[in-house]
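Participant: Next comes my_file32.pdb, PDB, C-alpha atoms and all ligand atoms:
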ATOM      1  CA  MET X  21     104.949 121.400  95.077
ATOM      2  CA  ARG X  22     101.628 120.751  93.363
ATOM      3  CA  SER X  23      98.363 120.368  95.130
ATOM      4  CA  VAL X  24      95.365 118.335  93.965
ATOM      5  CA  ARG X  25      91.989 118.333  95.670
ATOM      6  CA  LEU X  26      90.369 114.907  96.064
ATOM      7  CA  GLU X  27      86.724 115.185  97.100
ATOM      8  CA  ASN X  28      86.072 111.526  97.915
ATOM      9  CA  PRO X  29      87.626 108.033  97.660
ATOM     10  CA  ALA X  30      86.541 107.724  94.025
ATOM     11  CA  ALA X  31      88.438 110.931  93.182
ATOM     12  CA  THR X  32      91.558 109.590  94.893
ATOM     13  CA  TYR X  33      91.227 106.326  92.970
ATOM     14  CA  SER X  34      90.865 108.043  89.605
ATOM     15  CA  PHE X  35      93.700 110.488  90.342
ATOM     16  CA  ALA X  36      95.829 107.392  91.007
ATOM     17  CA  GLN X  37      94.760 105.817  87.728
ATOM     18  CA  ARG X  38      95.825 109.007  85.929
ATOM     19  CA  LEU X  39      99.149 109.003  87.770
ATOM     20  CA  ALA X  40      99.697 105.373  86.779
ATOM     21  CA  ALA X  41      99.937 106.336  83.117
ATOM     22  CA  HIS X  42     103.170 108.204  83.950
ATOM     23  CA  LEU X  43     104.836 105.379  85.845
ATOM     24  CA  GLY X  44     107.444 102.873  84.766
ATOM     25  CA  ALA X  45     110.481 100.908  85.942
ATOM     26  CA  ALA X  46     112.386 102.435  88.884
ATOM     27  CA  ASP X  47     109.715 105.016  89.692
ATOM     28  CA  VAL X  48     109.336 105.377  93.445
ATOM     29  CA  ILE X  49     106.195 106.952  94.892
ATOM     30  CA  LEU X  50     106.217 107.692  98.611
ATOM     31  CA  LEU X  51     102.788 107.992 100.217
ATOM     32  CA  THR X  52     102.656 109.946 103.456
ATOM     33  CA  GLY X  53      99.868 111.232 105.666
ATOM     34  CA  ASP X  54      98.180 110.247 108.903
ATOM     35  CA  LEU X  55      96.442 106.915 109.511
ATOM     36  CA  GLY X  56      93.435 106.475 107.259
ATOM     37  CA  THR X  57      94.074 109.434 104.971
ATOM     38  CA  GLY X  58      93.902 107.296 101.815
ATOM     39  CA  LYS X  59      97.418 106.037 101.038
ATOM     40  CA  THR X  60      96.230 102.493 100.331
ATOM     41  CA  THR X  61      93.236 103.779  98.370
ATOM     42  CA  LEU X  62      95.638 105.693  96.113
ATOM     43  CA  ALA X  63      97.931 102.662  95.762
ATOM     44  CA  ARG X  64      94.920 100.522  94.801
ATOM     45  CA  GLY X  65      94.122 102.899  91.940
ATOM     46  CA  VAL X  66      97.646 102.574  90.552
ATOM     47  CA  ILE X  67      97.624  98.778  90.956
ATOM     48  CA  SER X  68      94.273  98.534  89.222
ATOM     49  CA  ALA X  69      95.473 100.612  86.272
ATOM     50  CA  LEU X  70      98.855  98.926  85.839
ATOM     51  CA  CYS X  71      98.263  95.352  86.969
ATOM     52  CA  GLY X  72      94.534  94.843  86.396
ATOM     53  CA  VAL X  73      94.026  93.889  90.043
ATOM     54  CA  ASP X  74      91.096  95.536  91.790
ATOM     55  CA  ASP X  75      90.796  95.660  95.574
ATOM     56  CA  ALA X  76      94.489  94.963  96.153
ATOM     57  CA  PRO X  77      95.019  93.920  99.784
ATOM     58  CA  SER X  78      96.702  96.354 102.147
ATOM     59  CA  PRO X  79     100.248  95.179 102.911
ATOM     60  CA  THR X  80      99.822  96.110 106.583
ATOM     61  CA  TYR X  81     100.908  92.662 107.796
ATOM     62  CA  THR X  82     102.813  91.263 104.812
ATOM     63  CA  ILE X  83     104.764  94.582 104.552
ATOM     64  CA  VAL X  84     105.236  94.020 100.809
ATOM     65  CA  GLN X  85     102.900  92.814  98.048
ATOM     66  CA  THR X  86     104.346  92.393  94.584
ATOM     67  CA  TYR X  87     102.484  92.392  91.271
ATOM     68  CA  ASP X  88     103.500  91.610  87.697
ATOM     69  CA  LEU X  89     103.332  94.311  85.062
ATOM     70  CA  PRO X  90     102.337  93.476  81.487
ATOM     71  CA  ASP X  91     105.810  94.534  80.240
ATOM     72  CA  GLY X  92     107.443  91.853  82.408
ATOM     73  CA  GLY X  93     108.403  94.280  85.185
ATOM     74  CA  GLU X  94     107.171  94.372  88.753
ATOM     75  CA  LEU X  95     105.160  96.658  90.977
ATOM     76  CA  TRP X  96     105.919  96.673  94.694
ATOM     77  CA  HIS X  97     103.397  97.956  97.224
ATOM     78  CA  ALA X  98     104.963  98.340 100.662
ATOM     79  CA  ASP X  99     103.602  99.476 104.018
ATOM     80  CA  LEU X 100     106.530 100.130 106.347
ATOM     81  CA  TYR X 101     104.426 101.065 109.384
ATOM     82  CA  ARG X 102     105.564  97.973 111.293
ATOM     83  CA  ILE X 103     109.245  98.276 110.388
ATOM     84  CA  GLU X 104     111.278  98.962 113.489
ATOM     85  CA  ASP X 105     114.824  98.598 112.268
ATOM     86  CA  ALA X 106     116.666  99.386 109.028
ATOM     87  CA  SER X 107     118.009  95.809 108.898
ATOM     88  CA  GLU X 108     114.456  94.634 108.158
ATOM     89  CA  LEU X 109     114.478  96.830 105.059
ATOM     90  CA  GLU X 110     117.563  95.064 103.729
ATOM     91  CA  GLU X 111     115.835  91.697 104.161
ATOM     92  CA  LEU X 112     112.872  92.903 102.146
ATOM     93  CA  GLY X 113     115.097  93.837  99.204
ATOM     94  CA  LEU X 114     113.349  97.152  98.849
ATOM     95  CA  GLU X 115     116.465  98.993  97.708
ATOM     96  CA  ASP X 116     116.893  96.635  94.752
ATOM     97  CA  ALA X 117     113.218  97.159  93.957
ATOM     98  CA  PHE X 118     113.747 100.937  93.905
ATOM     99  CA  ASP X 119     116.158 100.414  90.985
ATOM    100  CA  MET X 120     113.890  98.210  88.879
ATOM    101  CA  ALA X 121     110.235  98.189  89.907
ATOM    102  CA  VAL X 122     107.356 100.624  90.176
ATOM    103  CA  CYS X 123     107.351 101.140  93.954
ATOM    104  CA  LEU X 124     104.508 102.494  96.090
ATOM    105  CA  VAL X 125     105.628 102.985  99.678
ATOM    106  CA  GLU X 126     103.377 103.829 102.625
ATOM    107  CA  TRP X 127     105.027 105.147 105.826
ATOM    108  CA  PRO X 128     108.328 105.930 104.045
ATOM    109  CA  ASP X 129     109.635 107.812 107.097
ATOM    110  CA  ARG X 130     110.845 104.345 108.183
ATOM    111  CA  LEU X 131     113.349 104.399 105.297
ATOM    112  CA  GLY X 132     115.714 106.785 107.078
ATOM    113  CA  GLU X 133     118.928 106.973 105.086
ATOM    114  CA  HIS X 134     117.569 104.494 102.517
ATOM    115  CA  LEU X 135     115.438 107.224 100.944
ATOM    116  CA  PRO X 136     116.000 107.086  97.161
ATOM    117  CA  PRO X 137     117.192 110.373  95.570
ATOM    118  CA  ASP X 138     114.684 110.144  92.707
ATOM    119  CA  ARG X 139     111.208 110.040  94.142
ATOM    120  CA  LEU X 140     107.734 111.494  94.035
ATOM    121  CA  GLU X 141     106.316 112.227  97.447
ATOM    122  CA  ILE X 142     102.543 112.438  97.781
ATOM    123  CA  ARG X 143     101.265 113.707 101.083
ATOM    124  CA  LEU X 144      97.576 113.228 101.853
ATOM    125  CA  GLU X 145      95.889 115.633 104.245
ATOM    126  CA  THR X 146      92.311 115.719 105.421
ATOM    127  CA  LEU X 147      90.315 118.831 104.527
ATOM    128  CA  GLU X 148      88.570 120.675 107.283
ATOM    129  CA  GLY X 149      84.798 120.642 107.068
ATOM    130  CA  SER X 150      84.648 117.728 104.631
ATOM    131  CA  PRO X 151      84.756 114.141 105.951
ATOM    132  CA  THR X 152      85.731 112.749 102.558
ATOM    133  CA  GLY X 153      87.870 115.630 101.278
ATOM    134  CA  ARG X 154      91.623 115.216 100.914
ATOM    135  CA  GLU X 155      94.407 117.366  99.571
ATOM    136  CA  ALA X 156      97.250 115.567  97.797
ATOM    137  CA  ARG X 157     100.522 117.500  97.903
ATOM    138  CA  LEU X 158     102.985 116.345  95.284
ATOM    139  CA  THR X 159     106.696 117.061  95.644
ATOM    140  CA  GLY X 160     109.245 115.738  93.172
ATOM    141  CA  PHE X 161     112.880 115.025  93.977
ATOM    142  CA  GLY X 162     115.691 114.268  91.519
ATOM    143  CA  ARG X 163     114.255 113.092  88.194
ATOM    144  CA  TRP X 164     110.775 113.853  89.508
ATOM    145  CA  GLU X 165     111.387 117.580  89.961
ATOM    146  CA  THR X 166     110.447 118.295  86.350
ATOM    147  CA  ARG X 167     108.236 115.270  85.684
ATOM    148  CA  ILE X 168     105.744 116.448  88.272
ATOM    149  CA  ASP X 169     104.457 119.146  85.883
ATOM    150  CA  ASP X 170     103.099 116.499  83.501
ATOM    151  CA  ILE X 171     100.820 114.790  86.010
TER
HETATM  152  N1  LIG T 201      89.104 111.495  99.494
HETATM  153  C1  LIG T 201      89.397 110.290 100.023
HETATM  154  N2  LIG T 201      90.445 109.583  99.504
HETATM  155  C2  LIG T 201      90.754 108.374 100.035
HETATM  156  N3  LIG T 201      90.124 107.770 101.056
HETATM  157  C3  LIG T 201      89.089 108.443 101.603
HETATM  158  C4  LIG T 201      88.686 109.712 101.111
HETATM  159  N4  LIG T 201      87.624 110.123 101.850
HETATM  160  C5  LIG T 201      87.374 109.167 102.741
HETATM  161  N5  LIG T 201      88.226 108.139 102.607
HETATM  162  C6  LIG T 201      88.202 106.911 103.430
HETATM  163  O1  LIG T 201      89.340 106.926 104.244
HETATM  164  C7  LIG T 201      89.843 105.609 104.380
HETATM  165  C8  LIG T 201      91.251 105.561 103.825
HETATM  166  O2  LIG T 201      91.770 104.293 104.074
HETATM  167  P1  LIG T 201      93.167 103.833 103.526
HETATM  168  O3  LIG T 201      93.357 102.438 103.976
HETATM  169  O4  LIG T 201      93.275 104.134 102.081
HETATM  170  O5  LIG T 201      94.118 104.830 104.345
HETATM  171  P2  LIG T 201      95.676 104.689 104.639
HETATM  172  O6  LIG T 201      96.211 106.081 104.575
HETATM  173  O7  LIG T 201      96.299 103.686 103.759
HETATM  174  O8  LIG T 201      95.701 104.183 106.144
HETATM  175  P3  LIG T 201      96.907 103.502 106.960
HETATM  176  O9  LIG T 201      97.736 104.643 107.511
HETATM  177  O10 LIG T 201      96.219 102.741 108.047
HETATM  178  O11 LIG T 201      97.684 102.632 106.022
HETATM  179  C9  LIG T 201      88.916 104.692 103.620
HETATM  180  O12 LIG T 201      87.967 104.170 104.490
HETATM  181  C10 LIG T 201      88.276 105.628 102.606
HETATM  182  O13 LIG T 201      86.991 105.209 102.224
HETATM  183 MG    MG T 202      97.421 101.961 104.204
END
So that I can check it, write out the structure of this file as structure tokens.

Facilitator:
Amino acid sequence: MRSVRLENPAATYSFAQRLAAHLGAADVILLTGDLGTGKTTLARGVISALCGVDDAPSPTYTIVQTYDLPDGGELWHADLYRIEDASELEELGLEDAFDMAVCLVEWPDRLGEHLPPDRLEIRLETLEGSPTGREARLTGFGRWETRIDDI
């Protein structure tokens, strides 16, 4: 586990832009943390760096937003908060995306048994005594176990 301190939204955004430089096809980033801890803010930083789109919309209602990458690949930004049943995940085609796209997934607890073995989990926690402070806890699984040291 690695821990990164993010003092304000701008710090979260630029951490995400740094992270983006390490991402490519079939990289799955799971973003966890309570409501409003900054998962979408972090996703926006990655989307800005990789896709040139600023102020990406939150996929709260659409569940998935997809973006084109300059190399011809795709980036998927998903918010699974409203998913109630695993069958909805199959309809979205998220598992195929895990194998080919850069995937940023908010509320990944909804994945259940569909959790991919290779994944980077980033948990955002608020910091006591600082309204804009966050701690990002990075845990790598599978391929990400060693890659995490480079970020
Ligand atoms: N260090 C920080 N990093 C990110 N966001 C922060 C930080 N400090 C304060 N904020 C604020 O917290 C809010 C985070 O909103 P955001 O939509 O990114 O959260 P979220 O985790 O995606 O929420 P949800 O669970 O509803 O999807 C924003 O209003 C942002 O300005
Ligand atoms: Mg969000």

Participant: Could you tell me which residues the PyMOL selection byres (((chain X and resi 167) around 12) and not hetatm) returns for this structure, as JSON, numbers by chain?

Facilitator: {"X": [21, 22, 39, 42, 43, 47, 138, 139, 140, 158, 159, 160, 161, 162, 163, 164, 165, 166, 168, 169, 170, 171]}

Participant: Taking all atoms listed in the file into account, list the residues no farther than 8 Å from ligand MG 202 (chain T), as a list in words.

Facilitator: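 Based on all atoms listed in the file, ligand MG 202 (chain T) is surrounded within 8 Å by Leu55, Gly56, Gly58, Lys59, Thr60, Thr61, Ser78, Pro79, Thr80, Asp99 and Glu126 of chain X.
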
Participant: Show which residues sit within 9 Å of Arg102 of chain X, as JSON, numbers by chain. Count all atoms listed in the file, and ignore same-chain residues fewer than 6 positions away.

Facilitator: {"X": [80, 81, 83, 130]}

Participant: Given a cut-off of 9 Å, what residues near ligand LIG 201 (chain T) show up using all atoms listed in the file, put as an NGL selection string?

Facilitator: :X and (25-33 or 51-64 or 78-80 or 99 or 101 or 126-127 or 144 or 146-147 or 150-155)

Participant: Carefully work through the PyMOL selection byres (((chain X and resi 41) around 12) and not hetatm) for this structure and note down the residues it includes, as a VMD selection string.

Facilitator: chain X and resid 34 to 40 42 to 44 47 65 to 71 122 170 to 171

Participant: Apply the PyMOL selection byres (((chain X and resi 85) around 8) and not hetatm) to the structure shown and report the selected residues as a list in words.

Facilitator: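 Those residues are Pro79, Thr82, Ile83, Val84, Thr86, Tyr87, Trp96, His97 and Ala98 of chain X.
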
Participant: Closest to Asp88 of chain X among X:Leu135, X:Leu100, X:Ala45, X:Ser23, using all atoms listed in the file?

Facilitator: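 Counting all atoms listed in the file, the residue closest to Asp88 of chain X is X:Ala45.
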
Participant: Work out how far atom CA of Gly93 of chain X is from atom CA of Arg143 of chain X, in Å to one decimal.

Facilitator: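 Between atom CA of Arg143 of chain X and atom CA of Gly93 of chain X the gap is 26.1 Å.
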
Participant: Go ahead and compute the interatomic distance for atom CA of Pro90 of chain X and atom CA of Met120 of chain X, in Å to one decimal.

Facilitator: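 Separation between atom CA of Pro90 of chain X and atom CA of Met120 of chain X: 14.5 Å.
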
Participant: Just to confirm, what's the straight-line distance from atom CA of Pro137 of chain X to atom CA of Leu95 of chain X in Å (one decimal)?

Facilitator: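 Rounded to one decimal, the two atoms are 18.8 Å apart.
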